[in-house]
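Peer 1: Just so it is clear, I am handing over start.cif, which has mmCIF, C-alpha atoms (C1' of nucleotides); chains and numbers go by the auth columns.
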data_my_file
loop_
_atom_site.group_PDB
_atom_site.id
_atom_site.type_symbol
_atom_site.label_atom_id
_atom_site.label_comp_id
_atom_site.label_asym_id
_atom_site.label_seq_id
_atom_site.Cartn_x
_atom_site.Cartn_y
_atom_site.Cartn_z
_atom_site.B_iso_or_equiv
_atom_site.auth_seq_id
_atom_site.auth_asym_id
ATOM 1 C CA MET A 1 89.253 43.882 125.653 0.00 1 A
ATOM 2 C CA LEU A 2 90.786 44.684 122.322 0.00 2 A
ATOM 3 C CA ARG A 3 90.292 45.917 118.821 0.00 3 A
ATOM 4 C CA ALA A 4 88.164 42.976 117.715 0.00 4 A
ATOM 5 C CA ASP A 5 85.544 44.034 120.247 0.00 5 A
ATOM 6 C CA LEU A 6 84.954 47.128 118.134 0.00 6 A
ATOM 7 C CA ASP A 7 84.007 45.045 115.104 0.00 7 A
ATOM 8 C CA VAL A 8 80.378 45.596 116.070 0.00 8 A
ATOM 9 C CA ASP A 9 77.449 47.912 115.399 0.00 9 A
ATOM 10 C CA PRO A 10 77.829 51.528 116.578 0.00 10 A
ATOM 11 C CA LEU A 11 75.370 51.187 119.478 0.00 11 A
ATOM 12 C CA THR A 12 77.237 48.229 120.942 0.00 12 A
ATOM 13 C CA ALA A 13 80.519 50.044 120.404 0.00 13 A
ATOM 14 C CA ALA A 14 79.085 53.087 122.166 0.00 14 A
ATOM 15 C CA ARG A 15 78.197 50.993 125.219 0.00 15 A
ATOM 16 C CA LEU A 16 81.685 49.506 125.138 0.00 16 A
ATOM 17 C CA LEU A 17 83.314 52.925 125.039 0.00 17 A
ATOM 18 C CA LEU A 18 81.347 54.252 128.002 0.00 18 A
ATOM 19 C CA GLY A 19 83.631 53.929 131.018 0.00 19 A
ATOM 20 C CA SER A 20 86.630 53.088 128.843 0.00 20 A
ATOM 21 C CA GLY A 21 90.010 54.742 129.268 0.00 21 A
ATOM 22 C CA LEU A 22 91.383 57.267 126.809 0.00 22 A
ATOM 23 C CA THR A 23 94.972 58.507 126.850 0.00 23 A
ATOM 24 C CA GLY A 24 96.034 61.591 124.965 0.00 24 A
ATOM 25 C CA ARG A 25 99.440 63.243 125.188 0.00 25 A
ATOM 26 C CA GLY A 26 99.970 63.300 128.914 0.00 26 A
ATOM 27 C CA VAL A 27 96.327 63.124 129.963 0.00 27 A
ATOM 28 C CA THR A 28 94.310 60.045 130.896 0.00 28 A
ATOM 29 C CA ALA A 29 90.534 60.166 131.019 0.00 29 A
ATOM 30 C CA THR A 30 87.403 58.067 131.352 0.00 30 A
ATOM 31 C CA ILE A 31 84.770 58.381 128.649 0.00 31 A
ATOM 32 C CA VAL A 32 81.330 59.262 130.043 0.00 32 A
ATOM 33 C CA GLU A 33 79.346 60.470 127.012 0.00 33 A
ATOM 34 C CA VAL A 34 79.272 59.248 123.402 0.00 34 A
ATOM 35 C CA GLU A 35 77.116 59.255 120.288 0.00 35 A
ATOM 36 C CA ALA A 36 76.675 56.444 117.773 0.00 36 A
ATOM 37 C CA TYR A 37 76.808 57.164 114.042 0.00 37 A
ATOM 38 C CA GLY A 38 75.980 54.792 111.213 0.00 38 A
ATOM 39 C CA GLY A 39 76.675 54.970 107.505 0.00 39 A
ATOM 40 C CA PRO A 40 75.194 55.138 104.002 0.00 40 A
ATOM 41 C CA ALA A 41 71.610 54.269 103.119 0.00 41 A
ATOM 42 C CA ASP A 42 72.632 50.968 101.563 0.00 42 A
ATOM 43 C CA GLY A 43 74.659 49.888 104.600 0.00 43 A
ATOM 44 C CA PRO A 44 73.584 47.995 107.728 0.00 44 A
ATOM 45 C CA TRP A 45 72.948 51.193 109.753 0.00 45 A
ATOM 46 C CA PRO A 46 71.616 53.961 107.497 0.00 46 A
ATOM 47 C CA ASP A 47 72.170 57.297 109.231 0.00 47 A
ATOM 48 C CA PRO A 48 71.444 60.626 107.517 0.00 48 A
ATOM 49 C CA ALA A 49 73.218 62.434 110.370 0.00 49 A
ATOM 50 C CA ALA A 50 76.515 60.613 109.789 0.00 50 A
ATOM 51 C CA HIS A 51 79.363 62.168 107.825 0.00 51 A
ATOM 52 C CA SER A 52 79.623 58.826 106.033 0.00 52 A
ATOM 53 C CA PHE A 53 76.007 58.890 104.825 0.00 53 A
ATOM 54 C CA ARG A 54 76.887 59.993 101.302 0.00 54 A
ATOM 55 C CA GLY A 55 79.674 57.480 100.871 0.00 55 A
ATOM 56 C CA PRO A 56 83.433 57.769 101.228 0.00 56 A
ATOM 57 C CA GLY A 57 84.982 61.120 100.426 0.00 57 A
ATOM 58 C CA LEU A 58 88.121 63.075 101.131 0.00 58 A
ATOM 59 C CA ARG A 59 87.481 63.827 104.779 0.00 59 A
ATOM 60 C CA ASN A 60 85.559 60.743 105.944 0.00 60 A
ATOM 61 C CA SER A 61 87.429 57.808 104.412 0.00 61 A
ATOM 62 C CA VAL A 62 88.741 56.672 107.799 0.00 62 A
ATOM 63 C CA MET A 63 85.187 55.819 108.839 0.00 63 A
ATOM 64 C CA PHE A 64 85.080 53.195 106.096 0.00 64 A
ATOM 65 C CA GLY A 65 88.299 51.578 107.270 0.00 65 A
ATOM 66 C CA PRO A 66 89.048 49.014 109.972 0.00 66 A
ATOM 67 C CA PRO A 67 87.806 49.439 113.560 0.00 67 A
ATOM 68 C CA GLY A 68 89.921 50.897 116.319 0.00 68 A
ATOM 69 C CA ARG A 69 91.125 53.951 114.435 0.00 69 A
ATOM 70 C CA LEU A 70 90.533 57.601 115.203 0.00 70 A
ATOM 71 C CA TYR A 71 88.371 59.706 112.889 0.00 71 A
ATOM 72 C CA THR A 72 88.774 63.431 113.462 0.00 72 A
ATOM 73 C CA TYR A 73 86.930 66.289 111.793 0.00 73 A
ATOM 74 C CA ARG A 74 86.796 70.047 112.152 0.00 74 A
ATOM 75 C CA SER A 75 83.550 71.461 113.411 0.00 75 A
ATOM 76 C CA HIS A 76 82.400 74.930 112.334 0.00 76 A
ATOM 77 C CA GLY A 77 85.892 75.631 111.098 0.00 77 A
ATOM 78 C CA ILE A 78 87.116 75.923 114.663 0.00 78 A
ATOM 79 C CA HIS A 79 86.949 72.835 116.848 0.00 79 A
ATOM 80 C CA VAL A 80 88.362 69.345 116.432 0.00 80 A
ATOM 81 C CA CYS A 81 86.072 66.429 117.270 0.00 81 A
ATOM 82 C CA ALA A 82 87.046 62.762 117.521 0.00 82 A
ATOM 83 C CA ASN A 83 85.352 59.454 116.760 0.00 83 A
ATOM 84 C CA VAL A 84 86.324 55.850 117.380 0.00 84 A
ATOM 85 C CA VAL A 85 85.752 53.871 114.184 0.00 85 A
ATOM 86 C CA CYS A 86 83.853 50.624 114.687 0.00 86 A
ATOM 87 C CA ALA A 87 82.347 47.832 112.534 0.00 87 A
ATOM 88 C CA ALA A 88 84.223 45.744 109.970 0.00 88 A
ATOM 89 C CA ASP A 89 86.690 47.126 107.445 0.00 89 A
ATOM 90 C CA GLY A 90 84.679 48.488 104.522 0.00 90 A
ATOM 91 C CA VAL A 91 81.604 49.236 106.645 0.00 91 A
ATOM 92 C CA ALA A 92 81.102 52.790 107.906 0.00 92 A
ATOM 93 C CA ALA A 93 80.215 53.313 111.567 0.00 93 A
ATOM 94 C CA ALA A 94 81.765 55.305 114.385 0.00 94 A
ATOM 95 C CA VAL A 95 81.258 56.650 117.886 0.00 95 A
ATOM 96 C CA LEU A 96 81.706 60.346 118.666 0.00 96 A
ATOM 97 C CA LEU A 97 83.497 61.032 121.941 0.00 97 A
ATOM 98 C CA ARG A 98 81.488 63.768 123.647 0.00 98 A
ATOM 99 C CA ALA A 99 82.714 63.985 127.248 0.00 99 A
ATOM 100 C CA ALA A 100 85.233 62.479 129.647 0.00 100 A
ATOM 101 C CA VAL A 101 86.419 62.698 133.233 0.00 101 A
ATOM 102 C CA ILE A 102 90.080 63.642 133.521 0.00 102 A
ATOM 103 C CA ASP A 103 91.862 61.092 135.713 0.00 103 A
ATOM 104 C CA THR A 104 95.501 62.183 135.488 0.00 104 A
ATOM 105 C CA GLY A 105 97.375 65.056 133.870 0.00 105 A
ATOM 106 C CA HIS A 106 95.011 67.775 135.057 0.00 106 A
ATOM 107 C CA ASP A 107 97.803 70.326 134.860 0.00 107 A
ATOM 108 C CA VAL A 108 98.404 69.482 131.206 0.00 108 A
ATOM 109 C CA ALA A 109 94.692 69.645 130.439 0.00 109 A
ATOM 110 C CA TRP A 110 94.378 73.004 132.186 0.00 110 A
ATOM 111 C CA ALA A 111 97.379 74.317 130.281 0.00 111 A
ATOM 112 C CA ARG A 112 95.589 73.454 127.033 0.00 112 A
ATOM 113 C CA ARG A 113 92.120 74.586 128.060 0.00 113 A
ATOM 114 C CA GLY A 114 92.881 77.579 130.218 0.00 114 A
ATOM 115 C CA THR A 115 93.208 77.764 133.980 0.00 115 A
ATOM 116 C CA SER A 116 89.847 79.432 134.483 0.00 116 A
ATOM 117 C CA VAL A 117 87.997 76.362 133.190 0.00 117 A
ATOM 118 C CA ARG A 118 86.239 74.355 135.907 0.00 118 A
ATOM 119 C CA GLU A 119 87.459 70.821 136.359 0.00 119 A
ATOM 120 C CA VAL A 120 84.218 69.162 135.233 0.00 120 A
ATOM 121 C CA ALA A 121 84.340 71.220 132.029 0.00 121 A
ATOM 122 C CA LEU A 122 87.894 70.295 131.027 0.00 122 A
ATOM 123 C CA ALA A 123 86.668 67.595 128.627 0.00 123 A
ATOM 124 C CA ARG A 124 82.955 68.415 128.426 0.00 124 A
ATOM 125 C CA GLY A 125 81.825 68.584 124.825 0.00 125 A
ATOM 126 C CA PRO A 126 83.545 66.957 121.828 0.00 126 A
ATOM 127 C CA GLY A 127 85.638 70.005 120.975 0.00 127 A
ATOM 128 C CA ASN A 128 86.787 70.526 124.537 0.00 128 A
ATOM 129 C CA LEU A 129 87.576 66.833 124.929 0.00 129 A
ATOM 130 C CA CYS A 130 89.969 66.943 121.983 0.00 130 A
ATOM 131 C CA SER A 131 91.498 70.156 123.244 0.00 131 A
ATOM 132 C CA ALA A 132 92.126 68.714 126.707 0.00 132 A
ATOM 133 C CA LEU A 133 93.728 65.530 125.346 0.00 133 A
ATOM 134 C CA GLY A 134 95.767 67.348 122.711 0.00 134 A
ATOM 135 C CA ILE A 135 93.992 65.678 119.787 0.00 135 A
ATOM 136 C CA THR A 136 94.385 67.526 116.473 0.00 136 A
ATOM 137 C CA MET A 137 93.360 67.021 112.856 0.00 137 A
ATOM 138 C CA ASP A 138 96.754 65.436 112.239 0.00 138 A
ATOM 139 C CA ASP A 139 95.597 62.504 114.369 0.00 139 A
ATOM 140 C CA ASN A 140 92.986 61.470 111.804 0.00 140 A
ATOM 141 C CA GLY A 141 93.368 57.767 111.064 0.00 141 A
ATOM 142 C CA ILE A 142 95.770 56.819 113.839 0.00 142 A
ATOM 143 C CA ASP A 143 95.498 53.394 115.432 0.00 143 A
ATOM 144 C CA LEU A 144 94.110 53.674 118.960 0.00 144 A
ATOM 145 C CA PHE A 145 95.509 50.255 119.894 0.00 145 A
ATOM 146 C CA ASP A 146 99.088 50.851 118.782 0.00 146 A
ATOM 147 C CA PRO A 147 101.247 51.374 121.881 0.00 147 A
ATOM 148 C CA GLN A 148 103.207 53.960 119.868 0.00 148 A
ATOM 149 C CA SER A 149 100.145 56.079 119.152 0.00 149 A
ATOM 150 C CA PRO A 150 99.866 59.446 120.910 0.00 150 A
ATOM 151 C CA VAL A 151 96.181 58.716 121.518 0.00 151 A
ATOM 152 C CA ARG A 152 95.204 55.326 122.846 0.00 152 A
ATOM 153 C CA LEU A 153 92.145 53.471 124.006 0.00 153 A
ATOM 154 C CA GLU A 154 91.695 50.949 126.781 0.00 154 A
ATOM 155 C CA LEU A 155 88.329 49.252 126.528 0.00 155 A
ATOM 156 C CA SER A 156 86.494 48.427 129.727 0.00 156 A
ATOM 157 C CA GLU A 157 83.642 46.042 130.379 0.00 157 A
ATOM 158 C CA LEU A 158 80.273 46.810 128.839 0.00 158 A
ATOM 159 C CA GLN A 159 78.507 49.645 130.670 0.00 159 A
ATOM 160 C CA VAL A 160 74.841 50.426 130.890 0.00 160 A
ATOM 161 C CA GLY A 161 74.185 54.116 130.371 0.00 161 A
ATOM 162 C CA GLN A 162 71.253 56.390 129.757 0.00 162 A
ATOM 163 C CA THR A 163 70.173 57.228 126.225 0.00 163 A
ATOM 164 C CA GLY A 164 68.685 60.198 124.412 0.00 164 A
ATOM 165 C CA PRO A 165 68.741 61.997 121.060 0.00 165 A
ATOM 166 C CA ARG A 166 72.042 63.199 119.632 0.00 166 A
ATOM 167 C CA VAL A 167 73.135 66.780 120.157 0.00 167 A
ATOM 168 C CA GLY A 168 72.926 69.319 117.370 0.00 168 A
ATOM 169 C CA VAL A 169 72.057 67.049 114.448 0.00 169 A
ATOM 170 C CA SER A 170 69.521 68.332 111.931 0.00 170 A
ATOM 171 C CA LYS A 171 68.837 64.893 110.419 0.00 171 A
ATOM 172 C CA ALA A 172 67.476 61.908 112.352 0.00 172 A
ATOM 173 C CA ALA A 173 67.218 64.293 115.288 0.00 173 A
ATOM 174 C CA ASP A 174 64.927 62.025 117.328 0.00 174 A
ATOM 175 C CA ARG A 175 67.016 58.881 117.094 0.00 175 A
ATOM 176 C CA PRO A 176 68.200 58.094 120.650 0.00 176 A
ATOM 177 C CA TRP A 177 71.795 57.335 119.767 0.00 177 A
ATOM 178 C CA ARG A 178 73.471 59.431 122.457 0.00 178 A
ATOM 179 C CA MET A 179 74.589 57.509 125.549 0.00 179 A
ATOM 180 C CA TRP A 180 76.035 58.676 128.837 0.00 180 A
ATOM 181 C CA LEU A 181 76.851 57.439 132.302 0.00 181 A
ATOM 182 C CA PRO A 182 74.427 58.801 134.902 0.00 182 A
ATOM 183 C CA ASP A 183 75.419 61.259 137.636 0.00 183 A
ATOM 184 C CA HIS A 184 78.329 62.817 135.763 0.00 184 A
ATOM 185 C CA PRO A 185 78.408 66.630 135.599 0.00 185 A
ATOM 186 C CA GLU A 186 80.891 66.249 132.729 0.00 186 A
ATOM 187 C CA VAL A 187 78.060 65.186 130.420 0.00 187 A
ATOM 188 C CA SER A 188 77.191 68.034 128.073 0.00 188 A
ATOM 189 C CA ALA A 189 73.726 69.562 127.914 0.00 189 A
ATOM 190 C CA TYR A 190 71.295 68.503 125.194 0.00 190 A
ATOM 191 C CA ARG A 191 70.675 71.070 122.498 0.00 191 A
ATOM 192 C CA ARG A 192 68.454 70.331 119.561 0.00 192 A
ATOM 193 C CA SER A 193 69.524 71.661 116.196 0.00 193 A
ATOM 194 C CA PRO A 194 67.447 74.689 115.203 0.00 194 A
ATOM 195 C CA ARG A 195 67.292 73.170 111.723 0.00 195 A
ATOM 196 C CA ALA A 196 65.848 69.893 112.901 0.00 196 A
ATOM 197 C CA PRO A 197 62.163 69.345 112.149 0.00 197 A
ATOM 198 C CA VAL A 198 59.719 69.378 115.034 0.00 198 A
ATOM 199 C CA PRO A 199 60.218 66.549 117.573 0.00 199 A
ATOM 200 C CA GLY A 200 58.394 63.373 116.716 0.00 200 A
ATOM 201 C CA GLY A 201 58.712 63.934 112.993 0.00 201 A
ATOM 202 C CA SER A 202 59.782 61.153 110.654 0.00 202 A
ATOM 203 C CA ASP A 203 63.334 59.895 111.070 0.00 203 A
ATOM 204 C "C1'" DG B 1 83.400 77.757 90.481 0.00 1 B
ATOM 205 C "C1'" DA B 2 80.426 79.956 94.034 0.00 2 B
ATOM 206 C "C1'" DC B 3 77.989 78.930 97.947 0.00 3 B
ATOM 207 C "C1'" DC B 4 76.104 76.541 101.710 0.00 4 B
ATOM 208 C "C1'" DG B 5 75.984 74.691 106.267 0.00 5 B
ATOM 209 C "C1'" DG B 6 77.457 72.235 109.980 0.00 6 B
ATOM 210 C "C1'" DA B 7 78.169 65.750 115.056 0.00 7 B
ATOM 211 C "C1'" DT B 8 80.571 73.444 118.653 0.00 8 B
ATOM 212 C "C1'" DG B 9 81.443 76.577 122.295 0.00 9 B
ATOM 213 C "C1'" DG B 10 81.646 80.688 124.595 0.00 10 B
ATOM 214 C "C1'" DA B 11 80.374 85.464 125.035 0.00 11 B
ATOM 215 C "C1'" DC B 12 76.101 88.614 125.844 0.00 12 B
ATOM 216 C "C1'" DT C 1 70.665 84.428 121.006 0.00 1 C
ATOM 217 C "C1'" DC C 2 74.474 85.253 118.224 0.00 2 C
ATOM 218 C "C1'" DC C 3 78.498 84.238 115.635 0.00 3 C
ATOM 219 C "C1'" DA C 4 83.601 83.070 114.697 0.00 4 C
ATOM 220 C "C1'" DT C 5 85.825 80.546 110.867 0.00 5 C
ATOM 221 C "C1'" DC C 6 87.075 76.485 107.611 0.00 6 C
ATOM 222 C "C1'" DC C 7 86.334 73.419 103.797 0.00 7 C
ATOM 223 C "C1'" DG C 8 84.221 69.434 101.511 0.00 8 C
ATOM 224 C "C1'" DG C 9 79.952 68.624 99.151 0.00 9 C
ATOM 225 C "C1'" DT C 10 76.607 70.202 96.202 0.00 10 C
ATOM 226 C "C1'" DC C 11 74.632 72.527 92.607 0.00 11 C
ATOM 227 C "C1'" DG C 12 74.486 75.804 88.753 0.00 12 C
#
Kindly return the structure encoded in the file as structure tokens.
Peer 2:
Amino acid sequence: MLRADLDVDPLTAARLLLGSGLTGRGVTATIVEVEAYGGPADGPWPDPAAHSFRGPGLRNSVMFGPPGRLYTYRSHGIHVCANVVCAADGVAAAVLLRAAVIDTGHDVAWARRGTSVREVALARGPGNLCSALGITMDDNGIDLFDPQSPVRLELSELQVGQTGPRVGVSKAADRPWRMWLPDHPEVSAYRRSPRAPVPGGSD
DNA sequence: GACCGGATGGAC
DNA sequence: TCCATCCGGTCG
């Protein structure tokens, strides 16, 4: 499977990324938890929780570009989180990488994360995943299908996962756009944003 | 120009 | 439950 397979809606892309291989600077991993994000109100997948909701800006322009690129952002001024851009060039949509199983390069991952970290937690959570694979803000916009890229993607066959609401979002908090593979302790725990309106409210 | 508020994670 | 720590977006 290749880049063209990511020229799809974010939910389809999310299913495609589940079980796919991710290589980052000496570490290979299998993606087991993701979240789909859409775009502006006038686009095909309006999503108030997406960074792209208010249109292209300085930090989010990669999301509006062609599929198969990496969109990174800094969370809470501390952590780096990574998305795989999907949908056609000019249309904003992306999939947040939330958790992965480390397949090879455990020693490298432990060196980055700290040796006291349990193996299942090496790449659990979007910030930890980037830390384990050595992904930094400088990687924003790189091509995940270029063999020269330090971070690369190898798409697998479509996987069926479980779904639930996205973690920590204050807008569209009930939309079930998080997906994960069952029976993986690497999947992060669900935490609802304290700012989100009561469950069941309008989306 | 100031200020707000996170697509988090780890310590209590 | 609390908060460290940036910075783009928003509003005055």
Peer 1: Just say which residues the PyMOL selection byres ((chain B) within 12 of (chain A)) picks in this file, as a list in words.
Peer 2: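 That selection, the PyMOL selection byres ((chain B) within 12 of (chain A)), comes back as DG5, DG6, DA7, DT8, DG9 and DG10 of chain B.
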Peer 1: Using C-alpha atoms (C1' of nucleotides), can you write the selected residues to a file as a PDB file, in the frame of the given file?
Peer 2:
ATOM      1  C1'  DG B   5      75.984  74.691 106.267  1.00  0.00           C
ATOM      2  C1'  DG B   6      77.457  72.235 109.980  1.00  0.00           C
ATOM      3  C1'  DA B   7      78.169  65.750 115.056  1.00  0.00           C
ATOM      4  C1'  DT B   8      80.571  73.444 118.653  1.00  0.00           C
ATOM      5  C1'  DG B   9      81.443  76.577 122.295  1.00  0.00           C
ATOM      6  C1'  DG B  10      81.646  80.688 124.595  1.00  0.00           C
TER       7       DG B  10
END
Peer 1: Of the residues A:Ala93, A:Val34, A:Leu2, A:Ala13, which is the one nearest to Pro176 (chain A), using all atoms listed in the file?
Peer 2: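 Going through A:Ala93, A:Val34, A:Leu2, A:Ala13 one by one, the smallest distance to Pro176 (chain A) is for A:Val34.
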Peer 1: Show me, as a PyMOL selection string, every residue of chain C with an atom at most 10 Å from chain A, counting only C-alpha atoms (C1' of nucleotides).
Peer 2: chain C and resi 4-9
Peer 1: For the provided coordinates, the residues matched by the PyMOL selection byres ((chain A and resi 183) around 12) should be stated as a compact mmCIF listing (two decimals) with C-alpha atoms, keeping the file's coordinate frame.
Peer 2:
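Generated output (expr-v4.txt):
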# COMPACT_ATOMS: atom_id res chain seq x y z
CA VAL A 32 81.33 59.26 130.04
CA GLU A 33 79.35 60.47 127.01
CA VAL A 101 86.42 62.70 133.23
CA GLY A 161 74.18 54.12 130.37
CA GLN A 162 71.25 56.39 129.76
CA TRP A 180 76.04 58.68 128.84
CA LEU A 181 76.85 57.44 132.30
CA PRO A 182 74.43 58.80 134.90
CA HIS A 184 78.33 62.82 135.76
CA PRO A 185 78.41 66.63 135.60
CA GLU A 186 80.89 66.25 132.73
CA VAL A 187 78.06 65.19 130.42
CA SER A 188 77.19 68.03 128.07
Peer 1: What is the distance, in Å and to one decimal place, between CA of Leu153 (chain A) and CA of Ala100 (chain A)?
Peer 2: 12.7 Å
Peer 1: To one decimal place in Å, what is the distance between CA of Gly141 (chain A) and CA of Arg178 (chain A)?
Peer 2: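 The value is 23.0 Å.
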Peer 1: As an exercise, work out the distance from CA of Ala4 (chain A) to CA of Pro40 (chain A) in Å and give it to one decimal place.
Peer 2: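 If I compute the distance from CA of Ala4 (chain A) to CA of Pro40 (chain A), I get 22.5 Å.
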Peer 1: Convert the output of the PyMOL selection byres ((chain A and resi 92) around 8) on the shown file into explicit residues, formatted as a list in words.
Peer 2: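 When the PyMOL selection byres ((chain A and resi 92) around 8) is applied, the selected residues are Gly38, Gly39, Pro40, Gly43, Ser52, Met63, Phe64, Gly65, Val85, Cys86, Ala87, Ala88, Asp89, Gly90, Val91, Ala93 and Ala94 of chain A.
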Peer 1: Return as JSON the centre and edge lengths, in Å with one decimal, of the box along x, y and z that encloses every atom of chain B in the file, padded by 3 Å per side.
Peer 2:
{"center_x": 79.7, "center_y": 77.2, "center_z": 108.2, "size_x": 13.4, "size_y": 28.9, "size_z": 41.4}
Peer 1: Near DA11 (chain B), counting all atoms listed in the file, which residues have an atom at most 12 Å away, once you skip same-chain residues fewer than 5 positions from it, shown as a ChimeraX atom specification?
Peer 2: /C:1-4
Peer 1: Can you work out which one of A:Ala29, A:Val151, A:Met1, A:Ala14 has the shortest atom-to-atom distance to Ala109 (chain A), counting all atoms listed in the file?
Peer 2: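 Using all atoms listed in the file, the shortest distance to Ala109 (chain A) belongs to A:Ala29.
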